[in-house]
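Participant: What follows is final_22.cif; its format and atoms are mmCIF, C-alpha atoms and all ligand atoms.
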```cif
data_query
loop_
_atom_site.label_atom_id
_atom_site.label_comp_id
_atom_site.auth_asym_id
_atom_site.auth_seq_id
_atom_site.Cartn_x
_atom_site.Cartn_y
_atom_site.Cartn_z
CA MET A 9 -21.00 5.79 -51.67
CA ARG A 10 -23.04 5.43 -48.54
CA SER A 11 -20.85 2.62 -47.29
CA LEU A 12 -17.74 4.76 -47.84
CA PHE A 13 -19.16 7.43 -45.57
CA LEU A 14 -19.91 4.82 -42.94
CA ILE A 15 -16.33 3.56 -42.68
CA PRO A 16 -14.90 6.66 -40.98
CA ALA A 17 -17.86 6.66 -38.63
CA ILE A 18 -17.29 3.02 -37.74
CA ILE A 19 -13.61 3.72 -37.12
CA ALA A 20 -14.48 6.67 -34.92
CA VAL A 21 -16.95 4.62 -32.90
CA ALA A 22 -14.44 1.82 -32.54
CA ALA A 23 -11.77 4.25 -31.38
CA ALA A 24 -14.12 5.89 -28.92
CA SER A 25 -15.02 2.52 -27.46
CA ASN A 26 -11.35 2.00 -26.65
CA LEU A 27 -11.00 5.27 -24.82
CA PRO A 28 -11.55 4.04 -21.26
CA GLU A 29 -8.21 3.28 -19.73
CA THR A 30 -9.48 0.24 -18.01
CA VAL A 31 -9.21 -2.42 -20.66
CA PRO A 32 -6.82 -5.22 -19.77
CA LEU A 33 -3.32 -4.60 -21.02
CA PRO A 34 -1.75 -6.89 -23.60
CA GLU A 35 -0.76 -10.30 -22.34
CA GLU A 36 2.85 -9.78 -23.33
CA ASN A 37 3.11 -7.20 -20.55
CA PRO A 38 1.56 -9.01 -17.59
CA ARG A 39 3.63 -7.15 -14.99
CA ALA A 40 1.98 -3.90 -15.95
CA THR A 41 -1.50 -5.31 -15.51
CA VAL A 42 -1.43 -5.81 -11.80
CA GLU A 43 -2.65 -3.34 -9.28
CA THR A 44 -0.39 -0.62 -8.07
CA ASP A 45 0.08 0.96 -4.72
CA SER A 46 -3.09 2.30 -3.24
CA GLU A 47 -1.58 5.74 -3.15
CA ALA A 48 -0.87 8.30 -5.86
CA ASP A 49 1.18 5.95 -7.86
CA LYS A 50 1.11 4.33 -11.24
CA ALA A 51 -1.31 5.34 -13.92
CA GLU A 52 -4.82 4.05 -13.40
CA PRO A 53 -4.69 1.59 -16.34
CA ALA A 54 -2.08 -0.45 -14.54
CA GLU A 55 -4.47 -0.91 -11.63
CA ILE A 56 -6.86 -2.93 -13.73
CA PRO A 57 -5.57 -6.46 -14.01
CA ALA A 58 -6.03 -8.94 -16.75
CA PRO A 59 -8.41 -11.58 -15.37
CA ASP A 60 -5.82 -14.34 -15.71
CA VAL A 61 -3.21 -12.37 -13.80
CA ARG A 62 -5.00 -11.14 -10.74
CA PRO A 63 -8.40 -12.26 -9.63
CA ASP A 64 -10.54 -9.42 -8.45
CA THR A 65 -14.16 -8.65 -7.97
CA PRO A 66 -16.22 -7.62 -10.97
CA GLU A 67 -17.28 -4.60 -8.99
CA GLU A 68 -13.69 -3.46 -8.71
CA LEU A 69 -12.98 -4.08 -12.36
CA HIS A 70 -16.00 -2.12 -13.46
CA ALA A 71 -15.70 0.70 -10.98
CA THR A 72 -13.41 2.81 -13.09
CA GLU A 73 -14.91 1.71 -16.39
CA LYS A 74 -18.14 3.30 -15.35
CA LYS A 75 -16.26 6.36 -14.13
CA VAL A 76 -18.24 6.37 -10.92
CA PRO A 77 -16.62 8.51 -8.26
CA GLU A 78 -15.88 6.31 -5.25
CA ILE A 79 -15.75 9.11 -2.74
CA PRO A 80 -19.21 10.22 -1.75
CA ILE A 81 -19.72 13.54 -0.13
CA ASP A 82 -19.13 14.01 3.58
CA LEU A 83 -19.87 10.59 4.96
CA PRO A 84 -18.99 10.33 8.64
CA PRO A 85 -16.57 7.56 9.54
CA PRO A 86 -18.28 4.35 10.61
CA PRO A 87 -18.37 3.77 14.36
CA ALA A 88 -15.36 2.03 15.83
CA ASN A 89 -15.58 -1.67 16.61
CA GLU A 90 -14.48 -1.34 20.20
CA ALA A 91 -14.35 -5.07 20.85
CA ALA A 92 -12.00 -5.60 17.89
CA LEU A 93 -9.90 -2.62 18.92
CA THR A 94 -9.52 -4.01 22.43
CA ILE A 95 -8.17 -7.28 21.04
CA CYS A 96 -5.89 -5.46 18.62
CA GLU A 97 -4.51 -3.18 21.34
CA SER A 98 -3.87 -6.18 23.54
CA ARG A 99 -1.88 -7.87 20.79
CA LEU A 100 0.06 -4.69 20.12
CA LYS A 101 0.97 -4.50 23.80
CA SER A 102 2.06 -8.11 23.83
CA LEU A 103 4.50 -7.29 21.03
CA GLY A 104 6.01 -4.53 23.13
CA ALA A 105 4.72 -1.73 20.93
CA GLU A 106 4.01 1.65 22.48
CA PHE A 107 1.05 3.51 21.09
CA GLU A 108 -1.69 6.00 21.75
CA ARG A 109 -5.19 5.92 20.37
CA GLN A 110 -6.05 9.18 18.64
CA PRO A 111 -9.36 11.05 18.34
CA PRO A 112 -11.52 10.24 15.32
CA ILE A 113 -10.72 11.96 12.05
CA ASP A 114 -13.87 13.34 10.44
CA GLY A 115 -13.73 13.87 6.70
CA PRO A 116 -13.32 15.49 4.30
CA ALA A 117 -15.65 13.56 2.02
CA ALA A 118 -15.26 9.81 2.51
CA CYS A 119 -12.02 10.27 4.40
CA GLY A 120 -11.97 10.03 8.14
CA LEU A 121 -11.37 7.27 10.62
CA SER A 122 -13.10 6.36 13.83
CA ALA A 123 -9.83 5.34 15.44
CA THR A 124 -6.22 5.92 14.50
CA TYR A 125 -3.08 5.09 16.38
CA LEU A 126 0.09 6.97 17.02
CA LEU A 127 2.85 4.42 17.24
CA LYS A 128 5.78 5.48 19.38
CA SER A 129 7.60 2.21 19.03
CA VAL A 130 6.88 -0.91 17.01
CA ALA A 131 8.90 -3.21 19.24
CA PRO A 132 10.95 -2.77 22.40
CA GLY A 133 13.70 -0.33 21.53
CA VAL A 134 12.51 0.16 17.94
CA SER A 135 11.05 3.60 17.31
CA ILE A 136 8.99 4.78 14.37
CA ARG A 137 8.94 8.34 13.15
CA PRO A 138 7.49 10.76 12.28
CA GLU A 139 4.18 10.39 14.09
CA THR A 140 1.85 7.83 12.59
CA GLU A 141 -1.88 7.90 11.96
CA MET A 142 -2.95 4.40 11.14
CA THR A 143 -5.54 1.81 12.04
CA CYS A 144 -4.84 -0.62 14.83
CA ASP A 145 -4.73 -3.46 12.31
CA ALA A 146 -2.08 -1.66 10.24
CA ALA A 147 -0.08 -0.87 13.37
CA LEU A 148 -0.33 -4.51 14.44
CA ALA A 149 0.77 -5.78 11.02
CA THR A 150 3.75 -3.43 11.16
CA ALA A 151 4.71 -4.59 14.64
CA GLN A 152 4.38 -8.26 13.71
CA TRP A 153 6.48 -7.76 10.59
CA VAL A 154 9.17 -5.98 12.57
CA ARG A 155 9.30 -8.65 15.28
CA ASP A 156 9.23 -11.66 12.99
CA ALA A 157 11.20 -10.42 9.99
CA VAL A 158 12.94 -7.07 10.31
CA LEU A 159 14.62 -7.64 13.67
CA PRO A 160 16.06 -11.05 12.66
CA ALA A 161 17.20 -9.67 9.31
CA ALA A 162 18.91 -6.78 11.09
CA ARG A 163 20.72 -9.20 13.40
CA ALA A 164 22.02 -11.00 10.34
CA LEU A 165 23.70 -7.80 9.19
CA GLY A 166 26.30 -8.22 11.89
CA GLU A 167 26.90 -9.20 15.50
CA ASN A 168 26.88 -5.69 16.90
CA ILE A 169 24.15 -4.33 14.68
CA ARG A 170 20.70 -3.74 16.10
CA LEU A 171 17.58 -2.26 14.54
CA ARG A 172 16.80 1.01 16.29
CA GLY A 173 13.99 2.50 14.24
CA LEU A 174 11.87 2.84 11.15
CA VAL A 175 11.30 6.06 9.27
CA HIS A 176 8.12 6.28 7.25
CA ALA A 177 7.12 8.66 4.48
CA SER A 178 3.37 8.35 4.84
CA THR A 179 0.63 6.68 6.83
CA TYR A 180 -2.87 8.21 6.81
CA VAL A 181 -3.42 10.61 3.93
CA CYS A 182 -6.81 11.59 2.51
CA ARG A 183 -6.59 10.98 -1.19
CA ASN A 184 -7.58 8.75 -4.04
CA ARG A 185 -5.18 6.59 -5.94
CA ASN A 186 -3.13 8.59 -8.38
CA ASN A 187 -4.76 11.72 -6.98
CA GLN A 188 -7.47 11.15 -9.56
CA PRO A 189 -10.96 12.27 -8.55
CA GLU A 190 -12.59 9.25 -10.16
CA ALA A 191 -10.08 6.67 -8.97
CA LYS A 192 -10.48 4.29 -6.07
CA ILE A 193 -9.83 5.60 -2.62
CA SER A 194 -6.27 4.94 -1.46
CA GLU A 195 -5.49 2.53 1.35
CA HIS A 196 -3.59 5.46 2.86
CA ALA A 197 -6.95 7.23 3.12
CA ARG A 198 -8.25 4.23 5.08
CA GLY A 199 -5.30 4.45 7.46
CA ALA A 200 -4.34 0.95 6.34
CA ALA A 201 -1.02 1.73 4.65
CA ILE A 202 2.51 2.74 5.51
CA ASP A 203 5.45 3.74 3.33
CA VAL A 204 8.69 2.66 4.99
CA SER A 205 11.54 4.75 3.69
CA THR A 206 14.53 4.14 5.99
CA PHE A 207 15.80 1.65 8.56
CA GLU A 208 17.90 2.95 11.45
CA PHE A 209 20.46 0.88 13.34
CA ASP A 210 22.89 0.95 16.16
CA GLY A 211 26.22 -0.14 14.73
CA HIS A 212 25.32 0.48 11.10
CA GLU A 213 24.64 3.53 9.00
CA LEU A 214 21.12 4.42 7.92
CA LEU A 215 19.74 2.07 5.33
CA PRO A 216 17.41 3.96 3.00
CA VAL A 217 15.09 2.02 0.73
CA GLU A 218 16.44 2.41 -2.78
CA PRO A 219 17.06 0.37 -5.92
CA ARG A 220 19.69 -2.15 -4.85
CA ALA A 221 19.20 -4.97 -7.34
CA GLY A 222 22.55 -6.33 -8.39
CA GLU A 223 24.56 -4.64 -5.65
CA GLY A 224 25.51 -7.97 -4.19
CA SER A 225 25.63 -6.33 -0.77
CA MET A 226 24.30 -7.30 2.64
CA GLU A 227 22.14 -4.17 2.45
CA GLU A 228 20.52 -5.50 -0.72
CA ALA A 229 19.95 -8.84 0.99
CA PHE A 230 18.41 -7.10 4.01
CA GLN A 231 16.08 -4.96 1.90
CA LYS A 232 15.05 -7.96 -0.18
CA ALA A 233 14.42 -10.09 2.90
CA VAL A 234 12.26 -7.59 4.76
CA ARG A 235 10.32 -6.69 1.65
CA GLY A 236 9.67 -10.31 0.73
CA SER A 237 8.57 -11.25 4.23
CA ALA A 238 6.22 -8.27 4.43
CA CYS A 239 3.79 -10.11 2.15
CA LEU A 240 3.06 -12.45 5.06
CA TYR A 241 1.65 -9.55 7.06
CA PHE A 242 0.35 -7.14 4.43
CA THR A 243 -1.71 -7.78 1.31
CA THR A 244 0.10 -5.22 -0.84
CA VAL A 245 3.87 -4.82 -0.94
CA LEU A 246 5.54 -2.58 -3.51
CA GLY A 247 9.01 -1.12 -3.66
CA PRO A 248 11.96 -0.31 -5.92
CA GLY A 249 11.45 -1.98 -9.26
CA SER A 250 7.66 -2.20 -8.91
CA ASP A 251 7.41 1.10 -10.74
CA SER A 252 9.09 4.48 -10.72
CA TYR A 253 6.95 5.71 -7.82
CA HIS A 254 8.40 3.24 -5.34
CA ASP A 255 12.12 3.68 -5.73
CA ASP A 256 12.52 5.27 -2.31
CA HIS A 257 10.11 3.38 -0.08
CA ILE A 258 8.36 0.10 0.55
CA HIS A 259 4.60 0.55 0.41
CA LEU A 260 2.68 -1.82 2.67
CA ASP A 261 -1.08 -1.96 2.96
CA LEU A 262 -3.97 -4.16 4.03
CA ALA A 263 -6.19 -3.86 0.96
CA LYS A 264 -8.92 -6.48 0.96
CA ARG A 265 -9.31 -8.41 -2.28
CA SER A 266 -11.40 -11.32 -3.36
CA ARG A 267 -10.11 -14.70 -2.27
CA GLY A 268 -7.53 -13.00 -0.10
CA TYR A 269 -5.34 -12.20 -3.08
CA ARG A 270 -2.03 -10.58 -2.18
CA LEU A 271 -0.22 -8.22 -4.50
CA CYS A 272 3.48 -8.35 -3.69
CA GLN A 273 6.02 -7.28 -6.24
ZN ZN B 301 2.10 4.11 -0.09
#
```
Before we go any further, please render this structure as structure tokens.
Facilitator:
Amino acid sequence: MRSLFLIPAIIAVAAASNLPETVPLPEENPRATVETDSEADKAEPAEIPAPDVRPDTPEELHATEKKVPEIPIDLPPPPANEAALTICESRLKSLGAEFERQPPIDGPAACGLSATYLLKSVAPGVSIRPETEMTCDAALATAQWVRDAVLPAARALGENIRLRGLVHASTYVCRNRNNQPEAKISEHARGAAIDVSTFEFDGHELLPVEPRAGEGSMEEAFQKAVRGSACLYFTTVLGPGSDSYHDDHIHLDLAKRSRGYRLCQ
């Protein structure tokens, strides 16, 4: 009789041990095991990869398992690395970007940045709106991507078509991933992310980011080209088809992962 009473208890303990949402997902669904956007995006379980799918640090893998909040209380932003910023600004200028350094953002909590940049243009004659708040590195990655990949792709759309601007949906935002208090801090909260939602042209109508797979159109080819090439400049690239949260923008960020792993879907 005693053993019969123990069975339900064992089942309950086993079930409770499975409660954390951080266990690797089944191998038959590897796409769902990779990390999502660093913003309020997919459910937290999908951010924990199976070890054979995406190498990551043990610290990252265990962070949510232990349910340790990653945002401490009211830490001031670290001091700016002025030497690195000088180099970054010089490279931005050489790309023809127009920008203004902004005052530090202080808090709340772990949010806050010692230096953000308002980009007025990412390349000569290519605006970006609305106003941005992003790190110099993120601004530089955006400008490099535009020069090397977006401008050429736009030229391929047609002889008289020229890229005139980018519209973004988000740069710096103070929040955790998924808006969950115990989740990792978002790359948007580090100022290291941008959500590109629309491309503007002279000689062509607006090209919003949207699901285009199977259209067979030049617009699909353009969107696919600029999204694919973005992985050369950013370490995270997500967009339509990655999950339901990215159907209307391309998320780009500079998340740092072990061994320089890039998550581009
Ligand atoms: Zn984003």
Participant: Starting from the point (5.7, 6.0, -2.4), work out which residues of protein, DNA or RNA have an atom no more than 10 Å away when counting only C-alpha atoms; state them as JSON, numbers by chain.
Facilitator: {"A": [45, 46, 47, 48, 49, 176, 177, 178, 202, 203, 204, 205, 246, 247, 248, 251, 252, 253, 254, 255, 256, 257, 258, 259, 260]}
Participant: Hey, what's within 7 Å of Thr243 (chain A) if we count only C-alpha atoms and toss same-chain stuff fewer than 3 positions away? As a ChimeraX atom specification, please?
Facilitator: /A:239,261-263,270-271
Participant: Check the smallest atom-to-atom distance from each of A:Ser237, A:Met142, A:Gly249, A:Phe230 to Asp156 (chain A) using only C-alpha atoms, then report the winner.
Facilitator: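 Using only C-alpha atoms, the shortest distance to Asp156 (chain A) belongs to A:Ser237.
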Participant: Need the shell around Asp114 (chain A): protein/DNA/RNA residues with any atom at most 8 Å away, counting all atoms listed in the file. Skip same-chain ones fewer than 5 positions apart. Format as number ranges by chain?
Facilitator: A: 84-85, 119-122
Participant: Restricting the calculation to all atoms listed in the file: of A:Arg265, A:Arg163, A:Arg155, A:His196, which residue gets closest to ligand ZN 301 (chain B)?
Facilitator: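 For ligand ZN 301 (chain B), the nearest of the candidates is A:His196.
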Participant: Given the choices A:Leu100, A:Ala201, A:Ala149, A:Ile136, which gets closest to ligand ZN 301 (chain B) if the distance is worked out from all atoms listed in the file?
Facilitator: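 Nearest candidate to ligand ZN 301 (chain B) out of A:Leu100, A:Ala201, A:Ala149, A:Ile136: A:Ala201.
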Participant: May I ask which of the residues A:Lys101, A:Arg198, A:Arg137, A:Arg170 is the closest one to ligand ZN 301 (chain B), counting all atoms listed in the file?
Facilitator: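 For ligand ZN 301 (chain B), the nearest of the given residues is A:Arg198.
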Participant: Point out the residue among A:Val234, A:Leu165, A:Val245, A:Ala131 with the least atom-to-atom distance to ligand ZN 301 (chain B), counting only C-alpha atoms and all ligand atoms.
Facilitator: A:Val245
Participant: Would you mind reading off the distance between CA of Glu108 (chain A) and CA of Thr94 (chain A), one decimal, in Å?
Facilitator: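 These atoms are spaced 12.7 Å apart.
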Participant: Between A:Ser102, A:Ser194, A:Thr206, A:Thr140, which residue has the minimum interatomic distance to Thr179 (chain A), considering only C-alpha atoms?
Facilitator: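 Among the listed residues, the smallest separation from Thr179 (chain A) belongs to A:Thr140.
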Participant: Quick one: residues within 9 Å of (19.1, 2.7, 2.1) (file frame), counting all atoms listed in the file, please, as a list in words.
Facilitator: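 Residues lying no farther than 9 Å from the given point: Ser205, Thr206, Phe207, Glu213, Leu214, Leu215, Pro216, Val217, Glu218, Pro219, Arg220, Glu227, Glu228, Gln231 and Asp256 of chain A.
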Participant: Quick one: distance from CA of Ile169 (chain A) to CA of Gln273 (chain A) in Å, one decimal?
Facilitator: 27.8 Å
Participant: What does the distance from CA of Leu127 (chain A) to CA of Val175 (chain A) come to in Å, to one decimal?
Facilitator: 11.7 Å
Participant: Contacts of Glu141 (chain A) at 9 Å or less, counting only C-alpha atoms, minus same-chain residues fewer than 4 places along, as a list in words?
Facilitator: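 Here the answer would be Gln110, Thr124, Tyr125, Leu126, Leu127, Ser178, Thr179, Tyr180, Val181 and Gly199 of chain A.
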Participant: For the selection just defined, write its residues with C-alpha atoms to a file, as a PDB file, in the frame of the given file.
Facilitator:
```pdb
ATOM      1  CA  GLN A 110      -6.050   9.180  18.640  1.00  0.00           C
ATOM      2  CA  THR A 124      -6.220   5.920  14.500  1.00  0.00           C
ATOM      3  CA  TYR A 125      -3.080   5.090  16.380  1.00  0.00           C
ATOM      4  CA  LEU A 126       0.090   6.970  17.020  1.00  0.00           C
ATOM      5  CA  LEU A 127       2.850   4.420  17.240  1.00  0.00           C
ATOM      6  CA  SER A 178       3.370   8.350   4.840  1.00  0.00           C
ATOM      7  CA  THR A 179       0.630   6.680   6.830  1.00  0.00           C
ATOM      8  CA  TYR A 180      -2.870   8.210   6.810  1.00  0.00           C
ATOM      9  CA  VAL A 181      -3.420  10.610   3.930  1.00  0.00           C
ATOM     10  CA  GLY A 199      -5.300   4.450   7.460  1.00  0.00           C
TER      11      GLY A 199
END
```
Participant: I want to know what sits within 12 Å of Glu167 (chain A), based on only C-alpha atoms, with residues of the same chain fewer than 6 positions away left out; could you give that as a count of residues only?
Facilitator: 5
